[in-house]
Each structure stands twice: as C-alpha cells, then as structure tokens.
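**Student:** Questions regarding the structure given below will be posed in turn.
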Amino acid sequence: MLKQTTQRKHFQRGAILVEFAIASLVFFIAMFSVLELSRMLWTYNALADGVRRGARYAAMNSPDAAGSTANSTKVKNVVLYGTDAPAVDARPIVYGLATSHVTVTYSGNFGVNQGTVTVQVSGFSFQFLAISSVLGASLNFPPYQVVLAGESAGCVPGVTCT
C-alpha cells in the first residue's frame, strides 16, 4: 500500500506547476483585458467631455471677423487641453489627440440667440497597449459632435452687441 502512494506522488510531480501556469495565464489575460477596456472607456468619456466643453466655449464666445481662425484655435485648445491658453509643454487630455482631429464650424449668422456652432472630433484611433495581439492594435472611435446655439457670443450683459 505504501509503495502505491509513493508511486502516485512520483507521477504527480510538477502537476501543480503546470496548473498554476495555465491558471495564471488566464488570470493575467483577464486582468489586462479589464484594464485596457477600462482605459478605452475612460478615453471615450474624456473625448465626449472635451467636445462638450469646446462647444460650450464656442457658444459663449463669438467667432472672429477674419474667418474665425483665432477663436477656432482657442476652441480646439479647450477640446485638447481643457483650457483656451495651454502652457507650452501641455499634454492633451487624451494621448494621441491632435488639432487635426478637431473641427469647429459656425453657422452663417452667429450671434446672441442666433446661429449654431458645431464642434466635432473625428478620426481618432485608440491604441491598445497591453493586449494588442488579442484585441487588435487599434480601434477607430466614432465621430463625436456637439451642436449648440449661440448664447452670449462674448457679449457682456447690459452692453449692446451686434
């Protein structure tokens, strides 16, 4: 009887190590998948919030007369950095987001309670880091667009604005 139990133990040598390797592989894949998907959802939310902030800023400030380039740049800065005048070494709120992804369009006659402004982020591609071989290297996000009506358009209450 003693000889049979020692022979069984002899054949079981290393089985725990193999089981641990298989279980830990599954565990780490699941853990990194959850982390990457959480990072993707955070990025999705940050992009949506950035577009909303940019549209709100654009609705509160009138476009410049000269093609609205300066104000469009400020709106793009609000979308990218969260402020209209970022520091020189500022990083975007989302890694990989650039001014080329942001589009600002004012309707023809934009002013107080007239016209609309459209802020859109399109062409953004989310890069997976840890599990790129499992889920693919990147994921193209859908365009984010917010359309708001002109509010104060940069006018001070009590002062006549045109």
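Chain labels A, B, ... are given in the sequence in which chains occur in the structure tokens; within each chain residues are numbered consecutively from 1, and ligands are likewise numbered from 1 in the order shown.
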Neighbouring residues of A:Lys76 were defined as those with any atom within 7 Å, considering only C-alpha atoms; residues of the same chain fewer than 6 positions away were excluded. Please report them as a CSV table (one decimal) with N, CA, C and O atoms, in the first residue's frame.
**Tutor:**
chain,number,residue,atom,x,y,z
A,54,GLY,N,-15.7,72.2,-25.5
A,54,GLY,CA,-15.3,73.0,-26.6
A,54,GLY,C,-16.5,73.7,-27.2
A,54,GLY,O,-16.5,74.9,-27.6
A,99,THR,N,-4.9,68.6,-33.0
A,99,THR,CA,-5.8,69.6,-33.5
A,99,THR,C,-6.4,69.2,-34.9
A,99,THR,O,-7.4,69.6,-35.2
A,102,VAL,N,-9.9,67.8,-34.6
A,102,VAL,CA,-11.0,68.7,-34.1
A,102,VAL,C,-11.4,69.6,-35.2
A,102,VAL,O,-10.6,70.3,-35.9
**Student:** Show me, as a VMD selection string, the residues that have an atom within 6 Å of stretch 122-127 of chain A when counting only C-alpha atoms, minus same-chain residues fewer than 4 positions from it.
**Tutor:** chain A and resid 101 138 to 141 143
**Student:** Write out the residues from the selection above, keeping N, CA, C and O atoms, as an mmCIF file, in the first residue's frame.
**Tutor:**
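Contents of the output file part12.cif:
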data_model
loop_
_atom_site.group_PDB
_atom_site.id
_atom_site.type_symbol
_atom_site.label_atom_id
_atom_site.label_comp_id
_atom_site.auth_asym_id
_atom_site.auth_seq_id
_atom_site.Cartn_x
_atom_site.Cartn_y
_atom_site.Cartn_z
ATOM 1 N N HIS A 101 -7.727 66.443 -35.484
ATOM 2 C CA HIS A 101 -8.934 65.662 -35.211
ATOM 3 C C HIS A 101 -10.148 66.538 -34.902
ATOM 4 O O HIS A 101 -11.275 66.061 -34.942
ATOM 5 N N SER A 138 -5.471 48.686 -32.778
ATOM 6 C CA SER A 138 -6.163 49.947 -32.527
ATOM 7 C C SER A 138 -7.651 49.798 -32.795
ATOM 8 O O SER A 138 -8.099 48.829 -33.406
ATOM 9 N N LEU A 139 -8.377 50.799 -32.324
ATOM 10 C CA LEU A 139 -9.823 50.826 -32.511
ATOM 11 C C LEU A 139 -10.207 52.235 -32.927
ATOM 12 O O LEU A 139 -9.872 53.200 -32.230
ATOM 13 N N ASN A 140 -10.855 52.377 -34.065
ATOM 14 C CA ASN A 140 -11.291 53.686 -34.534
ATOM 15 C C ASN A 140 -12.568 54.079 -33.812
ATOM 16 O O ASN A 140 -13.561 53.366 -33.867
ATOM 17 N N PHE A 141 -12.511 55.230 -33.118
ATOM 18 C CA PHE A 141 -13.681 55.717 -32.396
ATOM 19 C C PHE A 141 -14.631 56.408 -33.361
ATOM 20 O O PHE A 141 -14.205 56.985 -34.362
ATOM 21 N N PRO A 143 -17.147 59.438 -34.672
ATOM 22 C CA PRO A 143 -17.018 60.893 -34.500
ATOM 23 C C PRO A 143 -17.903 61.380 -33.349
ATOM 24 O O PRO A 143 -19.006 60.894 -33.154
#
**Student:** In terms of the shortest atom-to-atom distance over only C-alpha atoms, which of A:Leu41, A:Ala55, A:Ala85, A:Met31 is closest to A:Thr118?
**Tutor:** A:Ala55
**Student:** Could you check which of A:Thr73, A:Glu19, A:Phe128, A:Leu35 is closest to A:Gly96, using only C-alpha atoms?
**Tutor:**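 Using only C-alpha atoms, A:Gly96 sits closest to A:Phe128.
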**Student:** Choose the residue, out of A:Trp42, A:Lys74, A:Gly150, A:Ile16, that has the smallest atom-to-atom separation from A:Gly108; count only C-alpha atoms.
**Tutor:** A:Gly150
**Student:** Name the residues of stretch 2-122 of chain A that fall into alpha helix (DSSP H) according to DSSP on the backbone, using the chain letters and numbers of this document, as a PDB file with N, CA and C atoms, in the first residue's frame.
**Tutor:**
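And here's result.pdb as it stands now:
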ATOM      1  N   LEU A   2       1.934   1.234   0.764  1.00  0.00           N
ATOM      2  CA  LEU A   2       2.833   2.376   0.854  1.00  0.00           C
ATOM      3  C   LEU A   2       3.528   2.614  -0.476  1.00  0.00           C
ATOM      4  N   LYS A   3       3.851   1.526  -1.150  1.00  0.00           N
ATOM      5  CA  LYS A   3       4.530   1.667  -2.427  1.00  0.00           C
ATOM      6  C   LYS A   3       3.621   2.315  -3.483  1.00  0.00           C
ATOM      7  N   GLN A   4       2.317   2.036  -3.479  1.00  0.00           N
ATOM      8  CA  GLN A   4       1.391   2.622  -4.443  1.00  0.00           C
ATOM      9  C   GLN A   4       1.260   4.135  -4.243  1.00  0.00           C
ATOM     10  N   THR A   5       1.160   4.606  -3.011  1.00  0.00           N
ATOM     11  CA  THR A   5       1.032   6.059  -2.769  1.00  0.00           C
ATOM     12  C   THR A   5       2.295   6.785  -3.163  1.00  0.00           C
ATOM     13  N   THR A   6       3.454   6.220  -2.941  1.00  0.00           N
ATOM     14  CA  THR A   6       4.692   6.892  -3.342  1.00  0.00           C
ATOM     15  C   THR A   6       4.816   6.909  -4.867  1.00  0.00           C
ATOM     16  N   GLN A   7       4.336   5.852  -5.530  1.00  0.00           N
ATOM     17  CA  GLN A   7       4.376   5.862  -6.992  1.00  0.00           C
ATOM     18  C   GLN A   7       3.423   6.908  -7.553  1.00  0.00           C
ATOM     19  N   ARG A   8       2.233   7.070  -6.952  1.00  0.00           N
ATOM     20  CA  ARG A   8       1.299   8.097  -7.414  1.00  0.00           C
ATOM     21  C   ARG A   8       1.889   9.488  -7.238  1.00  0.00           C
ATOM     22  N   LYS A   9       2.517   9.729  -6.101  1.00  0.00           N
ATOM     23  CA  LYS A   9       3.136  11.032  -5.869  1.00  0.00           C
ATOM     24  C   LYS A   9       4.257  11.278  -6.871  1.00  0.00           C
ATOM     25  N   HIS A  10       4.962  10.237  -7.237  1.00  0.00           N
ATOM     26  CA  HIS A  10       6.049  10.377  -8.201  1.00  0.00           C
ATOM     27  C   HIS A  10       5.507  10.830  -9.562  1.00  0.00           C
ATOM     28  N   PHE A  11       4.344  10.293  -9.969  1.00  0.00           N
ATOM     29  CA  PHE A  11       3.752  10.673 -11.247  1.00  0.00           C
ATOM     30  C   PHE A  11       3.089  12.044 -11.188  1.00  0.00           C
ATOM     31  N   ALA A  15       2.805  18.679 -11.536  1.00  0.00           N
ATOM     32  CA  ALA A  15       1.427  18.937 -11.969  1.00  0.00           C
ATOM     33  C   ALA A  15       0.921  20.271 -11.423  1.00  0.00           C
ATOM     34  N   ILE A  16       1.302  20.577 -10.194  1.00  0.00           N
ATOM     35  CA  ILE A  16       0.857  21.847  -9.597  1.00  0.00           C
ATOM     36  C   ILE A  16       1.452  23.019 -10.364  1.00  0.00           C
ATOM     37  N   LEU A  17       2.686  22.903 -10.767  1.00  0.00           N
ATOM     38  CA  LEU A  17       3.338  23.974 -11.524  1.00  0.00           C
ATOM     39  C   LEU A  17       2.639  24.191 -12.870  1.00  0.00           C
ATOM     40  N   VAL A  18       2.265  23.140 -13.541  1.00  0.00           N
ATOM     41  CA  VAL A  18       1.565  23.252 -14.824  1.00  0.00           C
ATOM     42  C   VAL A  18       0.187  23.879 -14.627  1.00  0.00           C
ATOM     43  N   GLU A  19      -0.530  23.429 -13.594  1.00  0.00           N
ATOM     44  CA  GLU A  19      -1.844  24.002 -13.301  1.00  0.00           C
ATOM     45  C   GLU A  19      -1.741  25.481 -12.971  1.00  0.00           C
ATOM     46  N   PHE A  20      -0.719  25.848 -12.191  1.00  0.00           N
ATOM     47  CA  PHE A  20      -0.515  27.260 -11.850  1.00  0.00           C
ATOM     48  C   PHE A  20      -0.214  28.086 -13.099  1.00  0.00           C
ATOM     49  N   ALA A  21       0.594  27.562 -13.995  1.00  0.00           N
ATOM     50  CA  ALA A  21       0.937  28.282 -15.223  1.00  0.00           C
ATOM     51  C   ALA A  21      -0.302  28.535 -16.074  1.00  0.00           C
ATOM     52  N   ILE A  22      -1.150  27.528 -16.204  1.00  0.00           N
ATOM     53  CA  ILE A  22      -2.374  27.688 -17.005  1.00  0.00           C
ATOM     54  C   ILE A  22      -3.324  28.678 -16.337  1.00  0.00           C
ATOM     55  N   ALA A  23      -3.522  28.531 -15.044  1.00  0.00           N
ATOM     56  CA  ALA A  23      -4.446  29.418 -14.319  1.00  0.00           C
ATOM     57  C   ALA A  23      -3.937  30.853 -14.301  1.00  0.00           C
ATOM     58  N   SER A  24      -2.638  31.039 -14.109  1.00  0.00           N
ATOM     59  CA  SER A  24      -2.109  32.408 -14.070  1.00  0.00           C
ATOM     60  C   SER A  24      -2.178  33.069 -15.448  1.00  0.00           C
ATOM     61  N   LEU A  25      -1.995  32.305 -16.507  1.00  0.00           N
ATOM     62  CA  LEU A  25      -2.124  32.852 -17.857  1.00  0.00           C
ATOM     63  C   LEU A  25      -3.542  33.374 -18.087  1.00  0.00           C
ATOM     64  N   VAL A  26      -4.525  32.587 -17.733  1.00  0.00           N
ATOM     65  CA  VAL A  26      -5.916  33.012 -17.875  1.00  0.00           C
ATOM     66  C   VAL A  26      -6.195  34.233 -17.001  1.00  0.00           C
ATOM     67  N   PHE A  27      -5.700  34.220 -15.775  1.00  0.00           N
ATOM     68  CA  PHE A  27      -5.909  35.337 -14.855  1.00  0.00           C
ATOM     69  C   PHE A  27      -5.297  36.626 -15.399  1.00  0.00           C
ATOM     70  N   PHE A  28      -4.055  36.580 -15.868  1.00  0.00           N
ATOM     71  CA  PHE A  28      -3.404  37.787 -16.351  1.00  0.00           C
ATOM     72  C   PHE A  28      -4.032  38.319 -17.639  1.00  0.00           C
ATOM     73  N   ILE A  29      -4.465  37.439 -18.511  1.00  0.00           N
ATOM     74  CA  ILE A  29      -5.163  37.895 -19.720  1.00  0.00           C
ATOM     75  C   ILE A  29      -6.457  38.596 -19.347  1.00  0.00           C
ATOM     76  N   ALA A  30      -7.207  38.031 -18.408  1.00  0.00           N
ATOM     77  CA  ALA A  30      -8.452  38.660 -17.970  1.00  0.00           C
ATOM     78  C   ALA A  30      -8.171  39.996 -17.284  1.00  0.00           C
ATOM     79  N   MET A  31      -7.142  40.066 -16.453  1.00  0.00           N
ATOM     80  CA  MET A  31      -6.822  41.303 -15.739  1.00  0.00           C
ATOM     81  C   MET A  31      -6.404  42.413 -16.709  1.00  0.00           C
ATOM     82  N   PHE A  32      -5.521  42.103 -17.645  1.00  0.00           N
ATOM     83  CA  PHE A  32      -5.090  43.125 -18.596  1.00  0.00           C
ATOM     84  C   PHE A  32      -6.207  43.515 -19.555  1.00  0.00           C
ATOM     85  N   SER A  33      -7.098  42.590 -19.869  1.00  0.00           N
ATOM     86  CA  SER A  33      -8.253  42.936 -20.706  1.00  0.00           C
ATOM     87  C   SER A  33      -9.158  43.926 -19.996  1.00  0.00           C
ATOM     88  N   VAL A  34      -9.404  43.697 -18.722  1.00  0.00           N
ATOM     89  CA  VAL A  34     -10.229  44.623 -17.943  1.00  0.00           C
ATOM     90  C   VAL A  34      -9.558  45.993 -17.857  1.00  0.00           C
ATOM     91  N   LEU A  35      -8.248  46.026 -17.651  1.00  0.00           N
ATOM     92  CA  LEU A  35      -7.526  47.305 -17.574  1.00  0.00           C
ATOM     93  C   LEU A  35      -7.578  48.059 -18.904  1.00  0.00           C
ATOM     94  N   GLU A  36      -7.368  47.368 -20.003  1.00  0.00           N
ATOM     95  CA  GLU A  36      -7.393  48.022 -21.310  1.00  0.00           C
ATOM     96  C   GLU A  36      -8.797  48.510 -21.672  1.00  0.00           C
ATOM     97  N   LEU A  37      -9.809  47.723 -21.387  1.00  0.00           N
ATOM     98  CA  LEU A  37     -11.172  48.152 -21.680  1.00  0.00           C
ATOM     99  C   LEU A  37     -11.581  49.317 -20.786  1.00  0.00           C
ATOM    100  N   SER A  38     -11.104  49.328 -19.556  1.00  0.00           N
ATOM    101  CA  SER A  38     -11.365  50.470 -18.672  1.00  0.00           C
ATOM    102  C   SER A  38     -10.694  51.729 -19.200  1.00  0.00           C
ATOM    103  N   ARG A  39      -9.470  51.593 -19.674  1.00  0.00           N
ATOM    104  CA  ARG A  39      -8.759  52.739 -20.267  1.00  0.00           C
ATOM    105  C   ARG A  39      -9.458  53.220 -21.526  1.00  0.00           C
ATOM    106  N   MET A  40      -9.995  52.299 -22.315  1.00  0.00           N
ATOM    107  CA  MET A  40     -10.726  52.677 -23.518  1.00  0.00           C
ATOM    108  C   MET A  40     -12.002  53.449 -23.160  1.00  0.00           C
ATOM    109  N   LEU A  41     -12.748  52.983 -22.160  1.00  0.00           N
ATOM    110  CA  LEU A  41     -13.957  53.689 -21.744  1.00  0.00           C
ATOM    111  C   LEU A  41     -13.633  55.060 -21.158  1.00  0.00           C
ATOM    112  N   TRP A  42     -12.519  55.165 -20.431  1.00  0.00           N
ATOM    113  CA  TRP A  42     -12.105  56.467 -19.903  1.00  0.00           C
ATOM    114  C   TRP A  42     -11.796  57.419 -21.056  1.00  0.00           C
ATOM    115  N   THR A  43     -11.099  56.928 -22.079  1.00  0.00           N
ATOM    116  CA  THR A  43     -10.771  57.745 -23.245  1.00  0.00           C
ATOM    117  C   THR A  43     -12.037  58.185 -23.967  1.00  0.00           C
ATOM    118  N   TYR A  44     -12.974  57.287 -24.132  1.00  0.00           N
ATOM    119  CA  TYR A  44     -14.258  57.596 -24.765  1.00  0.00           C
ATOM    120  C   TYR A  44     -14.963  58.726 -24.014  1.00  0.00           C
ATOM    121  N   ASN A  45     -15.006  58.613 -22.686  1.00  0.00           N
ATOM    122  CA  ASN A  45     -15.655  59.630 -21.863  1.00  0.00           C
ATOM    123  C   ASN A  45     -14.896  60.960 -21.915  1.00  0.00           C
ATOM    124  N   ALA A  46     -13.575  60.915 -21.896  1.00  0.00           N
ATOM    125  CA  ALA A  46     -12.769  62.141 -21.954  1.00  0.00           C
ATOM    126  C   ALA A  46     -12.957  62.862 -23.292  1.00  0.00           C
ATOM    127  N   LEU A  47     -13.049  62.125 -24.390  1.00  0.00           N
ATOM    128  CA  LEU A  47     -13.291  62.750 -25.694  1.00  0.00           C
ATOM    129  C   LEU A  47     -14.669  63.403 -25.743  1.00  0.00           C
ATOM    130  N   ALA A  48     -15.673  62.690 -25.254  1.00  0.00           N
ATOM    131  CA  ALA A  48     -17.028  63.248 -25.252  1.00  0.00           C
ATOM    132  C   ALA A  48     -17.095  64.502 -24.389  1.00  0.00           C
ATOM    133  N   ASP A  49     -16.426  64.488 -23.244  1.00  0.00           N
ATOM    134  CA  ASP A  49     -16.419  65.656 -22.359  1.00  0.00           C
ATOM    135  C   ASP A  49     -15.643  66.815 -22.991  1.00  0.00           C
ATOM    136  N   GLY A  50     -14.538  66.522 -23.663  1.00  0.00           N
ATOM    137  CA  GLY A  50     -13.763  67.570 -24.318  1.00  0.00           C
ATOM    138  C   GLY A  50     -14.543  68.257 -25.426  1.00  0.00           C
ATOM    139  N   VAL A  51     -15.287  67.492 -26.210  1.00  0.00           N
ATOM    140  CA  VAL A  51     -16.109  68.074 -27.278  1.00  0.00           C
ATOM    141  C   VAL A  51     -17.218  68.925 -26.675  1.00  0.00           C
ATOM    142  N   ARG A  52     -17.821  68.451 -25.590  1.00  0.00           N
ATOM    143  CA  ARG A  52     -18.875  69.220 -24.920  1.00  0.00           C
ATOM    144  C   ARG A  52     -18.328  70.540 -24.379  1.00  0.00           C
ATOM    145  N   ARG A  53     -17.152  70.500 -23.765  1.00  0.00           N
ATOM    146  CA  ARG A  53     -16.535  71.734 -23.252  1.00  0.00           C
ATOM    147  C   ARG A  53     -16.193  72.706 -24.381  1.00  0.00           C
ATOM    148  N   GLY A  54     -15.651  72.163 -25.471  1.00  0.00           N
ATOM    149  CA  GLY A  54     -15.310  73.018 -26.600  1.00  0.00           C
ATOM    150  C   GLY A  54     -16.530  73.686 -27.209  1.00  0.00           C
ATOM    151  N   ALA A  55     -17.616  72.942 -27.342  1.00  0.00           N
ATOM    152  CA  ALA A  55     -18.842  73.520 -27.898  1.00  0.00           C
ATOM    153  C   ALA A  55     -19.408  74.582 -26.964  1.00  0.00           C
ATOM    154  N   ARG A  56     -19.344  74.344 -25.675  1.00  0.00           N
ATOM    155  CA  ARG A  56     -19.831  75.340 -24.702  1.00  0.00           C
ATOM    156  C   ARG A  56     -18.987  76.610 -24.783  1.00  0.00           C
ATOM    157  N   TYR A  57     -17.676  76.464 -24.884  1.00  0.00           N
ATOM    158  CA  TYR A  57     -16.798  77.621 -25.011  1.00  0.00           C
ATOM    159  C   TYR A  57     -17.103  78.380 -26.306  1.00  0.00           C
ATOM    160  N   ALA A  58     -17.300  77.659 -27.405  1.00  0.00           N
ATOM    161  CA  ALA A  58     -17.575  78.299 -28.694  1.00  0.00           C
ATOM    162  C   ALA A  58     -18.920  79.016 -28.681  1.00  0.00           C
ATOM    163  N   ALA A  59     -19.908  78.450 -27.996  1.00  0.00           N
ATOM    164  CA  ALA A  59     -21.230  79.082 -27.939  1.00  0.00           C
ATOM    165  C   ALA A  59     -21.202  80.361 -27.106  1.00  0.00           C
ATOM    166  N   MET A  60     -20.267  80.435 -26.174  1.00  0.00           N
ATOM    167  CA  MET A  60     -20.173  81.607 -25.300  1.00  0.00           C
ATOM    168  C   MET A  60     -19.274  82.700 -25.875  1.00  0.00           C
ATOM    169  N   THR A  69     -10.500  82.159 -37.301  1.00  0.00           N
ATOM    170  CA  THR A  69      -9.365  81.265 -37.088  1.00  0.00           C
ATOM    171  C   THR A  69      -8.853  81.319 -35.659  1.00  0.00           C
ATOM    172  N   ALA A  70      -8.713  82.511 -35.091  1.00  0.00           N
ATOM    173  CA  ALA A  70      -8.182  82.626 -33.739  1.00  0.00           C
ATOM    174  C   ALA A  70      -9.118  81.984 -32.730  1.00  0.00           C
ATOM    175  N   ASN A  71     -10.417  82.222 -32.858  1.00  0.00           N
ATOM    176  CA  ASN A  71     -11.353  81.628 -31.921  1.00  0.00           C
ATOM    177  C   ASN A  71     -11.445  80.121 -32.134  1.00  0.00           C
ATOM    178  N   SER A  72     -11.353  79.667 -33.367  1.00  0.00           N
ATOM    179  CA  SER A  72     -11.357  78.226 -33.622  1.00  0.00           C
ATOM    180  C   SER A  72     -10.154  77.561 -32.972  1.00  0.00           C
ATOM    181  N   THR A  73      -9.023  78.239 -32.984  1.00  0.00           N
ATOM    182  CA  THR A  73      -7.828  77.711 -32.323  1.00  0.00           C
ATOM    183  C   THR A  73      -8.052  77.617 -30.822  1.00  0.00           C
ATOM    184  N   LYS A  74      -8.703  78.618 -30.240  1.00  0.00           N
ATOM    185  CA  LYS A  74      -8.997  78.572 -28.804  1.00  0.00           C
ATOM    186  C   LYS A  74      -9.973  77.439 -28.482  1.00  0.00           C
ATOM    187  N   VAL A  75     -10.966  77.249 -29.330  1.00  0.00           N
ATOM    188  CA  VAL A  75     -11.927  76.165 -29.119  1.00  0.00           C
ATOM    189  C   VAL A  75     -11.209  74.819 -29.211  1.00  0.00           C
ATOM    190  N   LYS A  76     -10.335  74.666 -30.184  1.00  0.00           N
ATOM    191  CA  LYS A  76      -9.569  73.427 -30.317  1.00  0.00           C
ATOM    192  C   LYS A  76      -8.694  73.197 -29.091  1.00  0.00           C
ATOM    193  N   ASN A  77      -8.119  74.281 -28.543  1.00  0.00           N
ATOM    194  CA  ASN A  77      -7.324  74.152 -27.331  1.00  0.00           C
ATOM    195  C   ASN A  77      -8.171  73.695 -26.151  1.00  0.00           C
ATOM    196  N   VAL A  78      -9.413  74.189 -26.057  1.00  0.00           N
ATOM    197  CA  VAL A  78     -10.307  73.756 -24.979  1.00  0.00           C
ATOM    198  C   VAL A  78     -10.605  72.266 -25.123  1.00  0.00           C
ATOM    199  N   VAL A  79     -10.825  71.810 -26.335  1.00  0.00           N
ATOM    200  CA  VAL A  79     -11.101  70.390 -26.553  1.00  0.00           C
ATOM    201  C   VAL A  79      -9.867  69.550 -26.215  1.00  0.00           C
ATOM    202  N   LEU A  80      -8.698  69.992 -26.660  1.00  0.00           N
ATOM    203  CA  LEU A  80      -7.479  69.206 -26.474  1.00  0.00           C
ATOM    204  C   LEU A  80      -6.927  69.272 -25.061  1.00  0.00           C
ATOM    205  N   TYR A  81      -6.871  70.481 -24.479  1.00  0.00           N
ATOM    206  CA  TYR A  81      -6.165  70.671 -23.212  1.00  0.00           C
ATOM    207  C   TYR A  81      -7.070  71.041 -22.039  1.00  0.00           C
TER     208      TYR A  81
END
